[in-house]
Amino acid sequence: MCGVFGIHHHDEAANIAYLGLHALQHRGQESAGLVAFADGKLRQEVAMSLVADAFNRDRLAHLPGQTAIGHVRYSTAGTSELRNAQPFVFEYAGGKISIAHNGNLVNADELRAELEAQGSIFQTSSDTEVIIHLMAKARDADVVGRLRTALSRVRGAYSLVLLTSDERMIGARDPNGFRPLVIGRLKDAWVLSSETCAFDLVEAEYIRDVEPGEIVVIERGGMTSSRVDLSVPAVPVAPTFCVFEHVYFARPDSLVNGRSAYRAREKMGRALAQESQIEADVVVPVPDSGVPAAIGYSKESGIPFEMGLIRSHYVGRTFIEPQDSIRHFGVRLKLSPVRAVVDGKKVVVVDDSLVRGTTSRKIVKMLRNAGAREIHLRISAPPTTHPCYYGINTPNRSELVASSHTLDEIAKYVTCDSIAYLSHAGMMKAVGADSEAGAGYCSACFTGNYPVPLGTAALVQLRRARI
Ligand code: AMP
C-alpha cells in the first residue's frame with residue numbers, strides 16, 4: 001500500500017509535501033520520497049526509511065520550487081529496494097516526468113513483457129514504470145494525451161500524482177476508483193492527497209475527491225478535468241471503492257469516499273454487537289486500529305470500554321514489516337496487557353480484521369496470562385478469505401486462515417472462547433453502500449468477487465493456493 005501527495009504553487013512546496021507525507025505515513029513505511037520542480041528541473045530525494053528519518057533540513061533545501069509531489073511506499077508489486085522507491089523521475093521523448101502511484105495494476109506483467117519485446121528497458125521492478133513506457137510510446141502531442149493513451153491500456157488500481165517538466169501537476173484515478181485521491185486548496189495552492197488527514201495537518205481545505213476515471217490537470221491558470229479513455233476495449237465500469245480502506249487502512253480522522261472512517265468503524269462495531277452480542281464485563285480494543293469499532297460495540301452493548309491492551313508507540317505497524325520473522329516478534333513488542341483491566345474478567349476483544357490469525361492468537365495468550373477468565377473475539381469485518389490484487393498487502397490465499405478454516409477451527413487456533421465476525425451486509429450498511437450487497441464497493445478480500453479481471457500472474461497464484 002502507498003500514500004501520495006502533491007502541492008502546486010506554494011512557496012514552501014517541499015516542506016508542505018514533507019508534512020503531507022508525515023500524515024500519510026500509515027499507508028507505507030518502507031520508503032519515502034519527494035520530487036520538486038524549479039528552474040525547469042525535477043529534483044528528487046528518496047530514502048528507504050520513515051518520512052521523519054528520510055528528510056532533514058539539508059535534504060529539503062535540495063528541493064527548491066513551488067511544486068512538489070511525494071510518496072510513501074509499502075511494496076505490493078516490485079521488491080523493497082531503493083530503485084523502486086517513488087516518486088520516480090524519467091526522461092522520455094516528451095520531456096521529464098515524475099510519477100507517484102498508489103494501487104496495483106493487474107495487467108502490468110503482460111504489458112511489461114509486450115514492451116520489453118518491443119525494446120523497452122525497465123529500470124525498476126515496479127508496475128508503475130509500465131505507465132511511463134506506455135506514455136513514452138504514445139503518439140499524442142501533449143503529456144496529458146500521452147497519459148490518457150497509457151491509462152487506456154492499464155487495468156487495475158491506480159491513484160496517481162504526476163509532475164511534468166512544465167510544472168503541471170496531474171492527478172488521475174482508475175475508473176473503478178479503488179484507491180482514494182482527494183483535492184484540496186491551501187490559499188492559492190492546489191493540493192492532492194491520498195487522504196484528507198494530510199490536509200488537516202497542513203491546514204488545506206478539502207474540496208472534493210478526484211472522481212473514479214478522472215484526470216485533473218493543475219497549472220497556473222487553475223484546474224481542468226477530463227476522463228480516462230476506456231474506448232479500447234469498451235468496458236462499462238461501475239465504481240468499486242475499496243471497503244478495506246474503511247475497515248482498516250485509512251486513518252480514522254480521514255474522510256474516506258466522502259465519509260468519516262471513524263464513524264464507519266464505530267458503526268461496524270455497533271452492527272457487530274447487534275449481530276453477535278455476548279454477556280461480558282469489559283470491551284477491549286486491539287489498539288490502534290480496533291478502537292473505533294470497540295467504542296461502537298461498547299455503546300451498542302452497554303458493556304464498558306476499557307484499554308486492556310496498551311500499544312507501544314515506538315514500534316511501527318508490525319504487519320507491515322516485509323519479513324515474517326520480524327512481524328511475529330513484533331506483536332509482543334507492540335502490545336501488552338493491562339492486568340488491572342482484564343484480571344478475572346469476561347473480556348470481549350474487538351479487532352478490525354483477522355488475516356493470518358497469528359496476532360489474535362498472541363493477544364489471547366497475553367490476556368489469559370494477565371488473568372482474563374474468558375476471551376470472546378469479535379472482528380468488525382467479515383472473514384478475510386481472498387488476497388487483494390488492487391494494492392492492499394494481503395498474504396497468499398493459503399496463509400489466510402479464514403480461506404480454509406471454519407469459525408470453530410479458527411477459534412481453536414486462536415484459543416479464544418468464542419469468535420464472531422461482522423456480516424458482509426452489516427459492513428456494507430456501515431459504510432453507506434448503495435445496497436446490502438455492496439454496490440459501489442470492492443470487497444474482493446471478503447468475497448473473492450474481483451471487479452476487474454485479474455492478470456495471468458494473479459490467476460496462477462490463486463489457482464495454486466486452491467490446490
Ligand atoms: P494477522 O496476525 O495476520 O491475523 O493480522 C491481523 C492484524 O493485522 C489485525 O490486527 C489488523 O488490524 C492488521 N491488518 C490487517 N490487514 C492489514 C494490512 N493489509 N496491513 C497491515 N496490517 C493489517
# chains A, B, ... in the order shown; residues from 1 in each chain; ligands from 1

$ closest_atom_pairs --of "chain A" --to "ligand 1" --cutoff "9 Å" --atoms "only C-alpha atoms and all ligand atoms" --output "CSV"
residue,atom,partner,partner_atom_place_in_ligand_line,distance
A:Met1,CA,ligand 1,19 (N),7.8
A:Arg27,CA,ligand 1,20 (N),8.7
A:Phe244,CA,ligand 1,16 (N),8.4
A:Val247,CA,ligand 1,12 (O),8.8
A:Tyr248,CA,ligand 1,12 (O),6.3
A:Phe249,CA,ligand 1,18 (C),7.1
A:Val286,CA,ligand 1,10 (O),6.7
A:Pro287,CA,ligand 1,10 (O),8.1
A:Asp288,CA,ligand 1,12 (O),8.0
A:Ser289,CA,ligand 1,12 (O),5.5
A:Gly290,CA,ligand 1,12 (O),6.8
A:Arg317,CA,ligand 1,21 (C),6.8
A:Thr318,CA,ligand 1,22 (N),7.3
A:Phe319,CA,ligand 1,21 (C),4.7
A:Ile320,CA,ligand 1,21 (C),5.0
A:Glu321,CA,ligand 1,21 (C),8.6
A:Arg327,CA,ligand 1,2 (O),8.6
A:His328,CA,ligand 1,2 (O),8.2
A:Val331,CA,ligand 1,2 (O),8.4
A:Asp351,CA,ligand 1,10 (O),5.8
A:Asp352,CA,ligand 1,12 (O),5.4
A:Ser353,CA,ligand 1,11 (C),4.9
A:Leu354,CA,ligand 1,4 (O),4.0
A:Val355,CA,ligand 1,4 (O),3.5
A:Arg356,CA,ligand 1,3 (O),3.5
A:Gly357,CA,ligand 1,4 (O),3.5
A:Thr358,CA,ligand 1,2 (O),3.8
A:Thr359,CA,ligand 1,2 (O),3.5
A:Ser360,CA,ligand 1,2 (O),6.1
A:Arg361,CA,ligand 1,2 (O),7.8
A:Lys362,CA,ligand 1,2 (O),8.5
A:Thr384,CA,ligand 1,16 (N),8.9
A:Cys388,CA,ligand 1,19 (N),8.8
A:Ile392,CA,ligand 1,19 (N),5.4
A:Asn393,CA,ligand 1,19 (N),4.5
A:Thr394,CA,ligand 1,19 (N),5.2
A:Pro395,CA,ligand 1,3 (O),8.3
A:Glu399,CA,ligand 1,3 (O),8.5
A:Leu400,CA,ligand 1,3 (O),7.6
A:Val401,CA,ligand 1,4 (O),7.9

$ residues_around --residues "region 54-68 of chain A" --least-positions-apart "6" --cutoff "6 Å" --atoms "only C-alpha atoms" --output "count of residues only"
13

$ residues_around --residues "region 371-376 of chain A" --least-positions-apart "3" --cutoff "9 Å" --atoms "only C-alpha atoms" --output "PyMOL selection string"
chain A and resi 278+280+339+341-350+364+366-368+415-420

$ closest_atom_pairs --of "region 146-225 of chain A" --to "region 112-135 of chain A" --cutoff "9 Å" --atoms "only C-alpha atoms" --output "tab-separated table"
residue	atom	partner	partner_atom	distance
A:Arg146	CA	A:Met135	CA	4.9
A:Leu147	CA	A:Met135	CA	5.6
A:Arg148	CA	A:Met135	CA	8.4
A:Thr149	CA	A:Met135	CA	7.1
A:Ala150	CA	A:Leu134	CA	4.9
A:Leu151	CA	A:Ile131	CA	7.0
A:Arg153	CA	A:Leu134	CA	8.2
A:Val154	CA	A:Ile131	CA	7.5
A:Tyr158	CA	A:Thr128	CA	8.9

$ write_last_selection --atoms "N, CA, C and O atoms" --output "JSON list (two decimals), in the first residue's frame"
[["chain", "number", "residue", "atom", "x", "y", "z"],
["A", 146, "ARG", "N", -0.73, 11.75, -23.76],
["A", 146, "ARG", "CA", 0.09, 10.54, -23.61],
["A", 146, "ARG", "C", -0.36, 9.74, -22.39],
["A", 146, "ARG", "O", -0.44, 8.51, -22.43],
["A", 147, "LEU", "N", -0.64, 10.46, -21.31],
["A", 147, "LEU", "CA", -1.09, 9.76, -20.10],
["A", 147, "LEU", "C", -2.42, 9.06, -20.37],
["A", 147, "LEU", "O", -2.62, 7.90, -19.99],
["A", 148, "ARG", "N", -3.32, 9.76, -21.06],
["A", 148, "ARG", "CA", -4.63, 9.16, -21.34],
["A", 148, "ARG", "C", -4.46, 7.90, -22.18],
["A", 148, "ARG", "O", -5.10, 6.87, -21.92],
["A", 149, "THR", "N", -3.60, 7.97, -23.18],
["A", 149, "THR", "CA", -3.34, 6.79, -24.02],
["A", 149, "THR", "C", -2.77, 5.65, -23.17],
["A", 149, "THR", "O", -3.19, 4.50, -23.29],
["A", 150, "ALA", "N", -1.82, 5.99, -22.31],
["A", 150, "ALA", "CA", -1.20, 4.95, -21.47],
["A", 150, "ALA", "C", -2.25, 4.32, -20.55],
["A", 150, "ALA", "O", -2.32, 3.09, -20.42],
["A", 151, "LEU", "N", -3.07, 5.16, -19.94],
["A", 151, "LEU", "CA", -4.05, 4.64, -18.97],
["A", 151, "LEU", "C", -5.15, 3.82, -19.64],
["A", 151, "LEU", "O", -5.79, 2.98, -19.00],
["A", 153, "ARG", "N", -4.64, 1.54, -21.55],
["A", 153, "ARG", "CA", -4.13, 0.16, -21.66],
["A", 153, "ARG", "C", -4.00, -0.55, -20.32],
["A", 153, "ARG", "O", -3.96, -1.77, -20.26],
["A", 154, "VAL", "N", -3.84, 0.22, -19.25],
["A", 154, "VAL", "CA", -3.60, -0.47, -17.97],
["A", 154, "VAL", "C", -4.93, -0.81, -17.29],
["A", 154, "VAL", "O", -5.93, -0.11, -17.46],
["A", 158, "TYR", "N", -5.17, 2.42, -9.70],
["A", 158, "TYR", "CA", -4.17, 3.48, -9.62],
["A", 158, "TYR", "C", -4.79, 4.79, -9.16],
["A", 158, "TYR", "O", -5.83, 5.19, -9.63]]

$ closest_residue --among "A:Phe305, A:Phe90, A:Phe241, A:Tyr297" --to "Asp281 (chain A)" --atoms "only C-alpha atoms"
A:Phe305
